[in-house]
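**Student:** What follows is the file query.txt, containing compact mmCIF, C-alpha atoms and all ligand atoms:
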```txt
# COMPACT_ATOMS: atom_id res chain seq x y z
CA MET A 1 11.02 19.93 90.42
CA LYS A 2 11.67 19.16 86.77
CA ARG A 3 10.50 21.78 84.29
CA LEU A 4 8.37 20.05 81.64
CA ALA A 5 7.25 21.25 78.20
CA ILE A 6 4.53 19.27 76.40
CA LEU A 7 4.13 19.80 72.66
CA GLY A 8 0.78 18.70 71.28
CA SER A 9 -0.96 18.85 74.68
CA THR A 10 -4.43 18.79 73.09
CA GLY A 11 -3.94 15.43 71.36
CA SER A 12 -4.44 11.87 72.58
CA ILE A 13 -0.91 11.51 74.02
CA GLY A 14 -0.83 15.14 75.21
CA THR A 15 -4.05 14.87 77.23
CA GLN A 16 -2.94 11.53 78.70
CA THR A 17 0.38 13.11 79.71
CA LEU A 18 -1.47 15.80 81.64
CA LYS A 19 -3.54 13.04 83.26
CA VAL A 20 -0.32 11.23 84.26
CA LEU A 21 0.92 14.39 85.96
CA GLU A 22 -2.02 14.19 88.36
CA SER A 23 -0.41 11.15 90.00
CA VAL A 24 3.30 11.57 89.20
CA GLN A 25 5.03 14.08 91.44
CA GLY A 26 8.05 16.24 90.77
CA PHE A 27 7.07 18.12 87.59
CA THR A 28 6.06 21.65 86.87
CA VAL A 29 4.53 22.40 83.47
CA VAL A 30 6.44 25.36 82.02
CA ALA A 31 5.17 25.24 78.44
CA LEU A 32 2.28 23.77 76.45
CA SER A 33 1.58 23.89 72.74
CA CYS A 34 -1.43 22.98 70.60
CA GLY A 35 -2.33 23.00 66.93
CA ARG A 36 -5.83 24.44 66.47
CA ASN A 37 -8.00 23.00 69.25
CA PHE A 38 -8.31 26.30 71.10
CA SER A 39 -11.25 25.47 73.35
CA LEU A 40 -9.48 22.49 74.94
CA PHE A 41 -6.21 24.43 75.01
CA LYS A 42 -7.85 27.29 76.88
CA ASP A 43 -9.12 24.85 79.55
CA GLN A 44 -5.61 23.40 79.88
CA LEU A 45 -4.03 26.82 80.21
CA LEU A 46 -6.52 27.86 82.87
CA LYS A 47 -5.87 24.64 84.78
CA TYR A 48 -2.06 24.37 84.52
CA ARG A 49 -1.20 28.07 84.12
CA PRO A 50 2.12 27.47 82.33
CA PRO A 51 4.29 30.59 82.00
CA TYR A 52 4.67 29.89 78.24
CA ALA A 53 2.30 28.59 75.56
CA ALA A 54 2.15 28.36 71.78
CA SER A 55 -0.31 27.42 69.07
CA LEU A 56 0.02 26.80 65.36
CA THR A 57 -2.11 29.81 64.44
CA LEU A 58 -2.74 33.06 66.28
CA ASN A 59 -5.79 33.13 68.53
CA SER A 60 -6.52 36.50 70.07
CA GLU A 61 -9.15 35.12 72.44
CA LEU A 62 -6.45 33.05 74.14
CA GLU A 63 -4.13 36.00 74.46
CA ASN A 64 -6.89 38.03 76.12
CA CYS A 65 -8.23 35.42 78.53
CA GLY A 66 -6.66 37.04 81.58
CA LEU A 67 -3.63 34.75 81.95
CA THR A 68 -0.10 35.95 82.55
CA THR A 69 1.10 33.26 80.10
CA LYS A 70 3.43 34.49 77.37
CA PHE A 71 2.08 33.35 73.97
CA PHE A 72 3.82 32.39 70.75
CA TRP A 73 2.37 31.18 67.49
CA GLY A 74 3.34 29.37 64.33
CA GLU A 75 5.98 26.64 64.06
CA ASP A 76 8.63 29.30 64.70
CA GLY A 77 6.69 30.34 67.79
CA ILE A 78 6.64 26.78 69.14
CA GLU A 79 10.43 26.66 68.73
CA LYS A 80 10.76 30.04 70.44
CA MET A 81 8.61 28.78 73.30
CA LEU A 82 11.02 25.88 73.75
CA GLU A 83 13.94 28.28 73.89
CA VAL A 84 12.57 30.73 76.41
CA SER A 85 10.81 28.26 78.74
CA ARG A 86 14.11 26.47 79.58
CA PRO A 87 12.53 23.01 80.12
CA ASP A 88 14.46 20.12 81.67
CA TYR A 89 12.25 17.61 79.90
CA VAL A 90 10.36 17.96 76.61
CA LEU A 91 7.59 15.53 75.66
CA ILE A 92 6.85 15.57 71.93
CA ALA A 93 3.24 14.50 71.40
CA VAL A 94 2.74 16.32 68.10
CA SER A 95 1.64 14.12 65.21
CA GLY A 96 3.35 14.06 61.81
CA ALA A 97 6.75 14.81 60.31
CA VAL A 98 6.62 18.34 61.70
CA GLY A 99 7.53 16.74 65.03
CA LEU A 100 11.12 16.33 63.84
CA ARG A 101 11.64 20.08 63.74
CA PHE A 102 10.53 20.37 67.37
CA SER A 103 12.51 17.31 68.48
CA LEU A 104 15.68 18.77 66.96
CA LYS A 105 15.04 22.07 68.72
CA ALA A 106 14.37 20.24 71.98
CA THR A 107 17.84 18.66 71.85
CA GLU A 108 19.27 22.20 72.10
CA VAL A 109 17.37 23.09 75.25
CA CYS A 110 16.60 20.04 77.40
CA GLU A 111 18.25 17.10 79.16
CA ARG A 112 15.54 14.55 78.34
CA LEU A 113 13.47 14.03 75.21
CA CYS A 114 10.34 11.95 75.87
CA LEU A 115 9.47 10.99 72.31
CA ALA A 116 5.99 9.87 71.27
CA ASN A 117 6.37 11.33 67.77
CA LYS A 118 7.77 8.32 65.87
CA GLU A 119 7.98 10.41 62.68
CA SER A 120 10.94 12.22 64.27
CA ILE A 121 12.93 8.99 64.01
CA VAL A 122 11.52 7.83 60.67
CA CYS A 123 12.27 11.19 59.01
CA GLY A 124 15.29 12.22 61.06
CA GLY A 125 17.12 8.89 61.13
CA GLN A 126 20.59 9.24 62.58
CA LEU A 127 20.43 13.04 62.60
CA LEU A 128 18.23 13.23 65.69
CA LEU A 129 20.12 10.47 67.48
CA GLU A 130 23.46 12.15 66.79
CA LYS A 131 22.14 15.47 68.09
CA CYS A 132 20.99 13.75 71.27
CA ARG A 133 24.38 12.08 71.71
CA ALA A 134 26.32 15.28 71.00
CA ARG A 135 24.34 17.26 73.58
CA ASN A 136 23.97 14.49 76.13
CA VAL A 137 20.20 14.44 75.83
CA ARG A 138 18.55 11.21 76.99
CA LEU A 139 15.95 10.04 74.46
CA ILE A 140 13.25 7.90 76.04
CA PRO A 141 10.70 6.42 73.64
CA VAL A 142 7.02 6.74 74.56
CA ASP A 143 5.68 4.48 71.80
CA SER A 144 4.54 1.45 73.85
CA GLU A 145 6.47 -1.21 71.90
CA HIS A 146 9.67 0.83 71.96
CA SER A 147 9.26 1.68 75.61
CA GLY A 148 9.06 -2.08 76.11
CA LEU A 149 12.20 -2.74 74.06
CA PHE A 150 14.00 0.12 75.80
CA GLN A 151 13.22 -1.49 79.14
CA LEU A 152 14.27 -4.97 78.00
CA LEU A 153 17.49 -3.90 76.31
CA ASN A 154 18.45 -1.24 78.81
CA GLU A 155 18.54 -3.76 81.61
CA GLU A 156 20.61 -6.13 79.50
CA ARG A 157 23.99 -6.79 81.09
CA GLY A 158 25.14 -9.86 79.19
CA GLU A 159 24.84 -11.01 75.60
CA ARG A 160 22.83 -8.84 73.23
CA PRO A 161 19.64 -10.61 72.07
CA GLU A 162 19.80 -11.91 68.49
CA ARG A 163 16.32 -10.79 67.54
CA ILE A 164 13.77 -8.37 68.88
CA PHE A 165 10.05 -8.13 68.18
CA ILE A 166 7.13 -5.75 68.48
CA THR A 167 3.44 -6.56 68.36
CA ALA A 168 0.39 -5.15 66.61
CA SER A 169 -3.21 -5.49 67.74
CA GLY A 170 -4.20 -5.87 64.09
CA GLY A 171 -6.29 -2.69 64.05
CA ALA A 172 -9.98 -2.24 63.40
CA LEU A 173 -10.03 -4.45 60.28
CA ARG A 174 -8.15 -7.43 61.66
CA ASP A 175 -11.08 -9.80 61.22
CA TRP A 176 -12.12 -8.53 57.80
CA PRO A 177 -11.54 -10.83 54.84
CA GLU A 178 -8.66 -9.63 52.69
CA GLU A 179 -10.83 -9.05 49.60
CA LYS A 180 -13.15 -6.65 51.50
CA LEU A 181 -10.42 -4.44 53.03
CA HIS A 182 -10.35 -2.15 50.02
CA GLU A 183 -13.86 -0.85 50.68
CA ALA A 184 -13.57 -0.14 54.44
CA THR A 185 -14.99 3.29 55.37
CA PRO A 186 -13.47 5.85 57.79
CA LYS A 187 -16.13 4.83 60.32
CA ASP A 188 -15.05 1.16 60.11
CA VAL A 189 -11.38 2.03 60.41
CA LEU A 190 -11.55 4.63 63.20
CA ASN A 191 -13.14 2.11 65.54
CA HIS A 192 -9.97 0.62 67.13
CA PRO A 193 -10.47 -2.59 69.12
CA VAL A 194 -7.92 -1.86 71.90
CA TRP A 195 -6.35 1.59 71.85
CA SER A 196 -7.94 5.03 71.80
CA MET A 197 -5.62 7.26 69.75
CA GLY A 198 -5.45 10.18 67.30
CA SER A 199 -7.11 9.62 63.91
CA ARG A 200 -3.98 9.17 61.79
CA ILE A 201 -2.42 6.49 63.99
CA THR A 202 -5.77 4.71 64.22
CA VAL A 203 -5.96 4.49 60.42
CA ASP A 204 -2.26 3.52 60.36
CA SER A 205 -3.01 0.68 62.76
CA ALA A 206 -5.60 -0.77 60.40
CA SER A 207 -3.36 -0.35 57.32
CA MET A 208 -0.25 -1.60 59.22
CA VAL A 209 1.61 1.56 58.19
CA ASN A 210 1.98 2.15 61.93
CA LYS A 211 3.88 -1.12 62.32
CA GLY A 212 5.96 -0.22 59.28
CA LEU A 213 6.93 3.08 60.88
CA GLU A 214 7.64 1.24 64.13
CA VAL A 215 9.98 -1.32 62.54
CA ILE A 216 11.96 1.64 61.17
CA GLU A 217 11.80 3.37 64.58
CA ALA A 218 13.16 0.24 66.28
CA HIS A 219 15.91 -0.11 63.67
CA TYR A 220 17.32 3.33 64.52
CA LEU A 221 16.64 3.35 68.25
CA PHE A 222 18.12 -0.06 69.01
CA ASP A 223 20.50 -0.55 66.10
CA TYR A 224 19.09 -3.85 64.80
CA PRO A 225 18.89 -4.72 61.11
CA GLU A 226 15.34 -4.85 59.76
CA LYS A 227 15.55 -8.65 59.38
CA ALA A 228 16.18 -9.04 63.12
CA ILE A 229 13.05 -7.05 64.01
CA GLU A 230 10.03 -9.33 63.97
CA THR A 231 6.35 -8.40 64.12
CA TYR A 232 3.47 -10.43 65.55
CA ILE A 233 -0.20 -9.94 66.21
CA CYS A 234 -1.19 -9.84 69.87
CA ARG A 235 -4.94 -9.34 69.87
CA ASN A 236 -5.31 -7.99 73.39
CA SER A 237 -2.10 -5.91 73.08
CA TYR A 238 -0.92 -7.26 76.41
CA ILE A 239 2.47 -8.22 75.01
CA HIS A 240 4.11 -5.09 73.61
CA ALA A 241 7.55 -6.33 72.69
CA GLY A 242 10.12 -9.03 73.32
CA VAL A 243 13.73 -10.08 72.83
CA ILE A 244 15.02 -13.48 71.73
CA TYR A 245 18.45 -14.86 72.68
CA GLY A 246 20.64 -17.32 70.85
CA ASP A 247 19.86 -20.09 73.35
CA GLY A 248 16.14 -19.76 72.70
CA VAL A 249 15.27 -17.75 75.80
CA VAL A 250 12.53 -15.20 75.16
CA LYS A 251 11.90 -12.20 77.40
CA LEU A 252 8.60 -10.43 77.04
CA HIS A 253 7.51 -6.96 77.90
CA ALA A 254 3.86 -7.20 78.86
CA GLY A 255 1.28 -5.16 80.68
CA ARG A 256 -2.12 -3.59 80.34
CA PRO A 257 -2.50 -1.63 77.09
CA ASP A 258 -2.57 1.90 78.47
CA MET A 259 -0.40 4.67 77.02
CA ARG A 260 -0.22 6.35 80.42
CA VAL A 261 2.21 3.62 81.50
CA PRO A 262 4.96 4.34 78.89
CA ILE A 263 4.28 8.09 79.18
CA ALA A 264 4.85 7.95 82.94
CA TYR A 265 7.94 5.77 82.50
CA SER A 266 9.49 8.24 80.06
CA LEU A 267 9.09 10.92 82.73
CA THR A 268 10.11 8.95 85.82
CA TYR A 269 12.85 6.68 84.34
CA PRO A 270 14.81 5.03 85.91
CA ALA A 271 12.16 5.02 88.65
CA ARG A 272 8.66 3.68 88.07
CA GLU A 273 5.39 5.25 88.98
CA LYS A 274 3.98 3.39 91.98
CA ASN A 275 0.49 2.22 91.22
CA SER A 276 -1.43 1.53 94.41
CA THR A 277 -3.64 -1.14 92.84
CA PRO A 278 -1.52 -3.62 90.85
CA GLU A 279 -3.67 -5.59 88.48
CA SER A 280 -4.18 -9.32 88.71
CA ILE A 281 -2.48 -11.19 85.92
CA VAL A 282 -4.10 -14.55 86.66
CA GLY A 283 -5.61 -16.14 83.59
CA LEU A 284 -4.36 -13.49 81.23
CA PRO A 285 -3.99 -14.86 77.68
CA LEU A 286 -0.52 -14.06 76.30
CA VAL A 287 -0.78 -15.14 72.68
CA LEU A 288 1.29 -14.18 69.64
CA ASP A 289 -0.09 -14.86 66.17
CA PRO A 290 1.93 -14.67 62.96
CA MET A 291 1.26 -11.92 60.44
CA THR A 292 -0.47 -13.50 57.45
CA PRO A 293 2.15 -13.39 54.64
CA GLY A 294 1.12 -11.09 51.77
CA LYS A 295 -1.72 -9.45 53.73
CA TYR A 296 0.13 -6.35 54.94
CA ARG A 297 1.79 -4.80 51.91
CA THR A 298 2.45 -1.47 53.65
CA LEU A 299 4.51 -3.26 56.29
CA GLU A 300 6.45 -5.17 53.65
CA LEU A 301 7.16 -1.91 51.84
CA ALA A 302 8.40 -0.27 55.05
CA ARG A 303 10.71 -3.22 55.62
CA ALA A 304 12.05 -2.96 52.07
CA ILE A 305 13.02 0.72 52.52
CA CYS A 306 14.16 0.54 56.16
CA GLY A 307 17.46 2.42 56.49
CA GLN A 308 16.93 4.47 53.29
CA LEU A 309 16.15 7.91 54.67
CA PRO A 310 14.65 9.67 51.59
CA ARG A 311 12.28 6.75 51.03
CA GLN A 312 11.31 6.63 54.69
CA ILE A 313 10.46 10.34 54.56
CA ALA A 314 8.44 9.77 51.37
CA TYR A 315 6.65 6.78 52.95
CA ASN A 316 5.60 8.86 55.93
CA ALA A 317 4.65 11.97 53.92
CA ALA A 318 2.60 9.99 51.39
CA ASP A 319 0.78 8.23 54.21
CA GLU A 320 -0.05 11.52 55.93
CA ILE A 321 -1.57 12.82 52.68
CA ALA A 322 -3.34 9.54 51.83
CA VAL A 323 -4.82 9.12 55.33
CA ALA A 324 -6.16 12.69 55.28
CA ALA A 325 -7.76 11.98 51.87
CA PHE A 326 -9.23 8.72 53.15
CA VAL A 327 -10.67 10.32 56.30
CA GLU A 328 -12.24 13.07 54.13
CA GLY A 329 -13.83 10.36 52.00
CA THR A 330 -11.82 11.20 48.89
CA ILE A 331 -10.13 7.83 48.36
CA PRO A 332 -10.96 4.25 49.34
CA PHE A 333 -8.95 2.62 52.12
CA GLY A 334 -7.17 0.24 49.75
CA ASN A 335 -5.62 3.12 47.80
CA ILE A 336 -3.53 4.30 50.75
CA TYR A 337 -1.02 1.58 49.91
CA HIS A 338 -0.86 2.48 46.20
CA ILE A 339 -0.31 6.16 46.95
CA ILE A 340 2.55 5.38 49.33
CA LYS A 341 4.11 2.87 46.92
CA GLU A 342 4.00 5.18 43.90
CA THR A 343 5.39 8.11 45.90
CA VAL A 344 8.22 6.12 47.46
CA ALA A 345 9.21 4.80 44.02
CA ARG A 346 10.07 8.37 42.93
CA PHE A 347 12.90 8.64 45.46
CA ALA A 348 16.36 7.16 45.33
CA ASP A 349 18.40 6.28 48.38
CA GLN A 350 20.94 8.98 49.18
CA ASN A 351 22.56 10.57 52.20
CA LEU A 352 20.70 13.54 53.66
CA GLY A 353 23.09 15.57 55.75
CA ASP A 354 20.86 18.12 57.40
CA TYR A 355 17.33 19.13 58.26
CA ARG A 356 16.99 21.42 55.22
CA GLN A 357 17.50 18.45 52.86
CA ILE A 358 15.04 16.35 54.88
CA LEU A 359 12.46 19.10 54.59
CA GLU A 360 12.95 19.31 50.82
CA VAL A 361 12.33 15.58 50.39
CA ASP A 362 9.28 15.81 52.65
CA LYS A 363 7.84 18.71 50.63
CA ARG A 364 8.44 17.03 47.28
CA ALA A 365 6.94 13.76 48.55
CA ARG A 366 3.80 15.55 49.75
CA SER A 367 3.32 17.21 46.41
CA LEU A 368 3.81 13.90 44.54
CA ALA A 369 1.45 12.14 46.95
CA ARG A 370 -1.23 14.78 46.27
CA GLU A 371 -0.89 14.04 42.55
CA GLU A 372 -1.25 10.34 43.33
CA VAL A 373 -4.38 11.03 45.41
CA ASN A 374 -5.92 12.75 42.37
CA ARG A 375 -4.87 9.88 40.12
CA TRP A 376 -6.32 7.22 42.46
CA TYR A 377 -9.42 9.25 43.25
CA TRP A 378 -11.82 7.29 41.04
CA GLN A 379 -10.11 3.93 41.05
P1 LIG B 1 -3.35 13.55 67.90
O1 LIG B 1 -3.77 13.81 66.51
O2 LIG B 1 -4.39 13.09 68.89
O3 LIG B 1 -2.67 14.87 68.52
C1 LIG B 1 -1.70 15.60 67.83
C2 LIG B 1 -1.30 16.84 68.61
O4 LIG B 1 -0.39 17.60 67.83
C3 LIG B 1 -2.47 17.78 68.91
O5 LIG B 1 -2.20 18.48 70.10
C4 LIG B 1 -2.43 18.73 67.73
O6 LIG B 1 -3.04 19.98 67.99
C5 LIG B 1 -0.93 18.90 67.57
N1 LIG B 1 -0.53 19.26 66.21
C6 LIG B 1 -1.00 18.74 65.05
N2 LIG B 1 -0.35 19.29 63.99
C7 LIG B 1 0.55 20.17 64.51
C8 LIG B 1 1.50 21.06 63.93
N3 LIG B 1 1.67 21.15 62.60
N4 LIG B 1 2.25 21.82 64.74
C9 LIG B 1 2.08 21.76 66.08
N5 LIG B 1 1.20 20.93 66.70
C10 LIG B 1 0.43 20.16 65.92
O7 LIG B 1 -2.15 12.52 67.83
P2 LIG B 1 -1.72 11.38 68.89
O8 LIG B 1 -1.68 11.97 70.25
O9 LIG B 1 -2.49 10.15 68.64
O10 LIG B 1 -0.24 11.07 68.39
C11 LIG B 1 0.85 11.97 68.62
C12 LIG B 1 2.14 11.27 68.25
O11 LIG B 1 2.35 10.18 69.14
C13 LIG B 1 2.14 10.68 66.84
O12 LIG B 1 3.41 10.81 66.29
C14 LIG B 1 1.81 9.21 67.06
O13 LIG B 1 2.36 8.38 66.06
C15 LIG B 1 2.48 8.96 68.40
N6 LIG B 1 1.90 7.88 69.17
C16 LIG B 1 0.59 7.96 69.57
C17 LIG B 1 0.01 6.93 70.29
C18 LIG B 1 -1.41 7.04 70.78
O14 LIG B 1 -1.85 6.16 71.53
N7 LIG B 1 -2.16 8.06 70.43
C19 LIG B 1 0.76 5.72 70.63
C20 LIG B 1 2.14 5.76 70.20
C21 LIG B 1 2.67 6.79 69.50
P3 LIG B 1 -4.63 20.27 67.83
O15 LIG B 1 -5.36 19.03 68.14
O16 LIG B 1 -4.83 21.38 68.84
O17 LIG B 1 -4.83 20.75 66.42
MG MG B 2 3.13 1.80 69.08
```
How would this structure read if it were set down as structure tokens?

**Tutor:**
Amino acid sequence: MKRLAILGSTGSIGTQTLKVLESVQGFTVVALSCGRNFSLFKDQLLKYRPPYAASLTLNSELENCGLTTKFFWGEDGIEKMLEVSRPDYVLIAVSGAVGLRFSLKATEVCERLCLANKESIVCGGQLLLEKCRARNVRLIPVDSEHSGLFQLLNEERGERPERIFITASGGALRDWPEEKLHEATPKDVLNHPVWSMGSRITVDSASMVNKGLEVIEAHYLFDYPEKAIETYICRNSYIHAGVIYGDGVVKLHAGRPDMRVPIAYSLTYPAREKNSTPESIVGLPLVLDPMTPGKYRTLELARAICGQLPRQIAYNAADEIAVAAFVEGTIPFGNIYHIIKETVARFADQNLGDYRQILEVDKRARSLAREEVNRWYWQ
């Protein structure tokens, strides 16, 4: 049995991971953590009875609900939980830049890091990858496009493909005319056509920030220059990724859009979960559309700063702040881009040697982004 810790078990990826464990054998859940969704967390603890658990804030009701679970709280507590629970595998399903802190800690305690939290790569850059290498920790991406690329490139025995690509569904606003995008409401944006996900990534899918973060994620994970990482629209999200060789051969990674598939693969790799009812693929449309040039400014900005760590951190931090303001109804959708752009412009490219410096940039970017939110409030 592999000992598994799941961070962010109450979120979209976290709950799907627990679902996956109903059909994938060989795992025992030794630790779970949540943010503030205590009612769902309590149900999970009663069902899985992990010996260790943690939440972002203290909840005395949880501690007194009759479980023998040892509780921790706060970000320090989540780290402590990772230390004492001695997991073999850690799945990071927390959202936001805070995930990097937990991913770095995980590299000190586990043999496999199943990484859904793309912010860990965008904000950690080489630091996280080096830590994994130094400690012999296998990093398996959970993000569907990167799971696809991992599978395509990992099996590669001959020439390395010249280009790689990832797809986007286009998000909730994909059929909106460009001039109307600015006025989209949270209700419009949170209604994703294909995937059911947490609120930030759903907004990021409509703004294309998600694809921007993913180009950066692919750059670090697979060591391709930004120019060699292409992006296409695949409306049914059946094609997740692909690789293109010098002789024109294209290999696709395709399959039903269901996050449980890459989650399970990150746990069972190199084996695959055996699904008793393979789906029919007859008649399935596999279509790639180009991204309309000029339409996705957030993606273009992410491409322009790819490989520049302070700007990547600022891009992510400003988006976290801007998305929260948009979901609260404080700013219009179209201002998310301006807030990110203005914040990123305040940072120069420089080497960041350790986590402390990364955290400083993240903090400063958040504070600048909040100022930008106030400035763009009425515009
Ligand atoms: P959700 O918002 O649904 O869930 C986030 C989880 O993290 C919840 O358990 C939440 O707790 C917890 N959490 C939030 N803030 C903190 C914090 N400061 N410290 C500790 N825990 C915290 O997000 P998703 O599941 O959608 O996404 C998780 C990650 O996976 C993101 O990085 C996202 O980009 C990535 N991803 C998600 C995909 C998807 O389909 N959802 C696809 C590909 C990647 P609580 O709810 O209890 O407050
Ligand atoms: Mg993805």

**Student:** Leaving out range 181-193 of chain A and any residue of its chain fewer than 2 positions from it, which residues lie within 7 Å of it when counting only C-alpha atoms, given as a count of residues only?

**Tutor:** 18

**Student:** Quick one: axis-aligned box around all listed atoms of range 60-66 of chain A, 8 Å on every side, centre and edge lengths in Å to one decimal, written as lines of an AutoDock Vina configuration file.

**Tutor:**
```
center_x = -6.6
center_y = 35.5
center_z = 75.8
size_x = 21.0
size_y = 21.0
size_z = 27.5
```

**Student:** In Å, how far is it from CA of Val20 in chain A to CA of Ala264 in chain A?

**Tutor:**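 The value is 6.3 Å.
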
**Student:** Can you list, as a ChimeraX atom specification, every protein, DNA or RNA residue that comes within 9 Å of Lys2 in chain A when you count only C-alpha atoms, leaving out same-chain residues fewer than 5 positions away?

**Tutor:** /A:26-29,87-89

**Student:** Restricting the output to C-alpha atoms, write the selected residues as a compact mmCIF listing (two decimals), keeping the file's coordinate frame.

**Tutor:**
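This went into out23.txt:
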```txt
# COMPACT_ATOMS: atom_id res chain seq x y z
CA GLY A 26 8.05 16.24 90.77
CA PHE A 27 7.07 18.12 87.59
CA THR A 28 6.06 21.65 86.87
CA VAL A 29 4.53 22.40 83.47
CA PRO A 87 12.53 23.01 80.12
CA ASP A 88 14.46 20.12 81.67
CA TYR A 89 12.25 17.61 79.90
```

**Student:** Got a sec to check which residues lie within 8 Å of ligand MG 2 (chain B), using all atoms listed in the file, and send them as a PDB file with C-alpha atoms, in the coordinates of the input?

**Tutor:**
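In the end it all went to result.pdb:
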```pdb
ATOM      1  CA  ASP A 143       5.680   4.480  71.800  1.00  0.00           C
ATOM      2  CA  SER A 144       4.540   1.450  73.850  1.00  0.00           C
ATOM      3  CA  GLU A 145       6.470  -1.210  71.900  1.00  0.00           C
ATOM      4  CA  HIS A 146       9.670   0.830  71.960  1.00  0.00           C
ATOM      5  CA  ALA A 168       0.390  -5.150  66.610  1.00  0.00           C
ATOM      6  CA  ASN A 210       1.980   2.150  61.930  1.00  0.00           C
ATOM      7  CA  LYS A 211       3.880  -1.120  62.320  1.00  0.00           C
ATOM      8  CA  GLU A 214       7.640   1.240  64.130  1.00  0.00           C
TER       9      GLU A 214
END
```

**Student:** Report, in Å to a single decimal, how far apart CA of Leu153 in chain A and CA of Ile244 in chain A are.

**Tutor:**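 For CA of Ile244 in chain A relative to CA of Leu153 in chain A, the distance reads 10.9 Å.
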
**Student:** Given a cut-off of 8 Å, what residues near ligand LIG 1 (chain B) show up using all atoms listed in the file, put as a PyMOL selection string?

**Tutor:** chain A and resi 7-15+33-38+40-41+55-56+74-75+78+92-99+115-120+142-144+195-202+210+259

**Student:** To one decimal place in Å, what is the distance between CA of Gln350 in chain A and CA of His219 in chain A?

**Tutor:** 17.8 Å

**Student:** Pick out the residues sitting within 12 Å of Gln357 in chain A, and hand them over as a ChimeraX atom specification; count all atoms listed in the file, and ignore anything fewer than 6 positions along from it in its own chain.

**Tutor:** /A:123-124,127,309-310,313,350-351,363-364

**Student:** Write out as a list of chain:residue names each polymer residue whose atoms come within 12 Å of Ala348 in chain A, counting only C-alpha atoms; drop sequence neighbours fewer than 5 positions from it.

**Tutor:**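 Final neighbour list, sorted by chain and number: A:Ile305, A:Gln308, A:Leu309, A:Pro310, A:Arg311, A:Gln312, A:Ile313, A:Ala314, A:Thr343, A:Val361, A:Ala365.
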
**Student:** With distances taken over only C-alpha atoms, which of A:Leu100, A:Leu113, A:Val250, A:Val122 is nearest to Glu217 in chain A?

**Tutor:**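 Checking each candidate against Glu217 in chain A, we get A:Val122 as the closest.
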
**Student:** Hey, which of A:Ala304, A:Val24, A:Leu46, A:Ile340 ends up closest to Glu273 in chain A? Count only C-alpha atoms.

**Tutor:** A:Val24
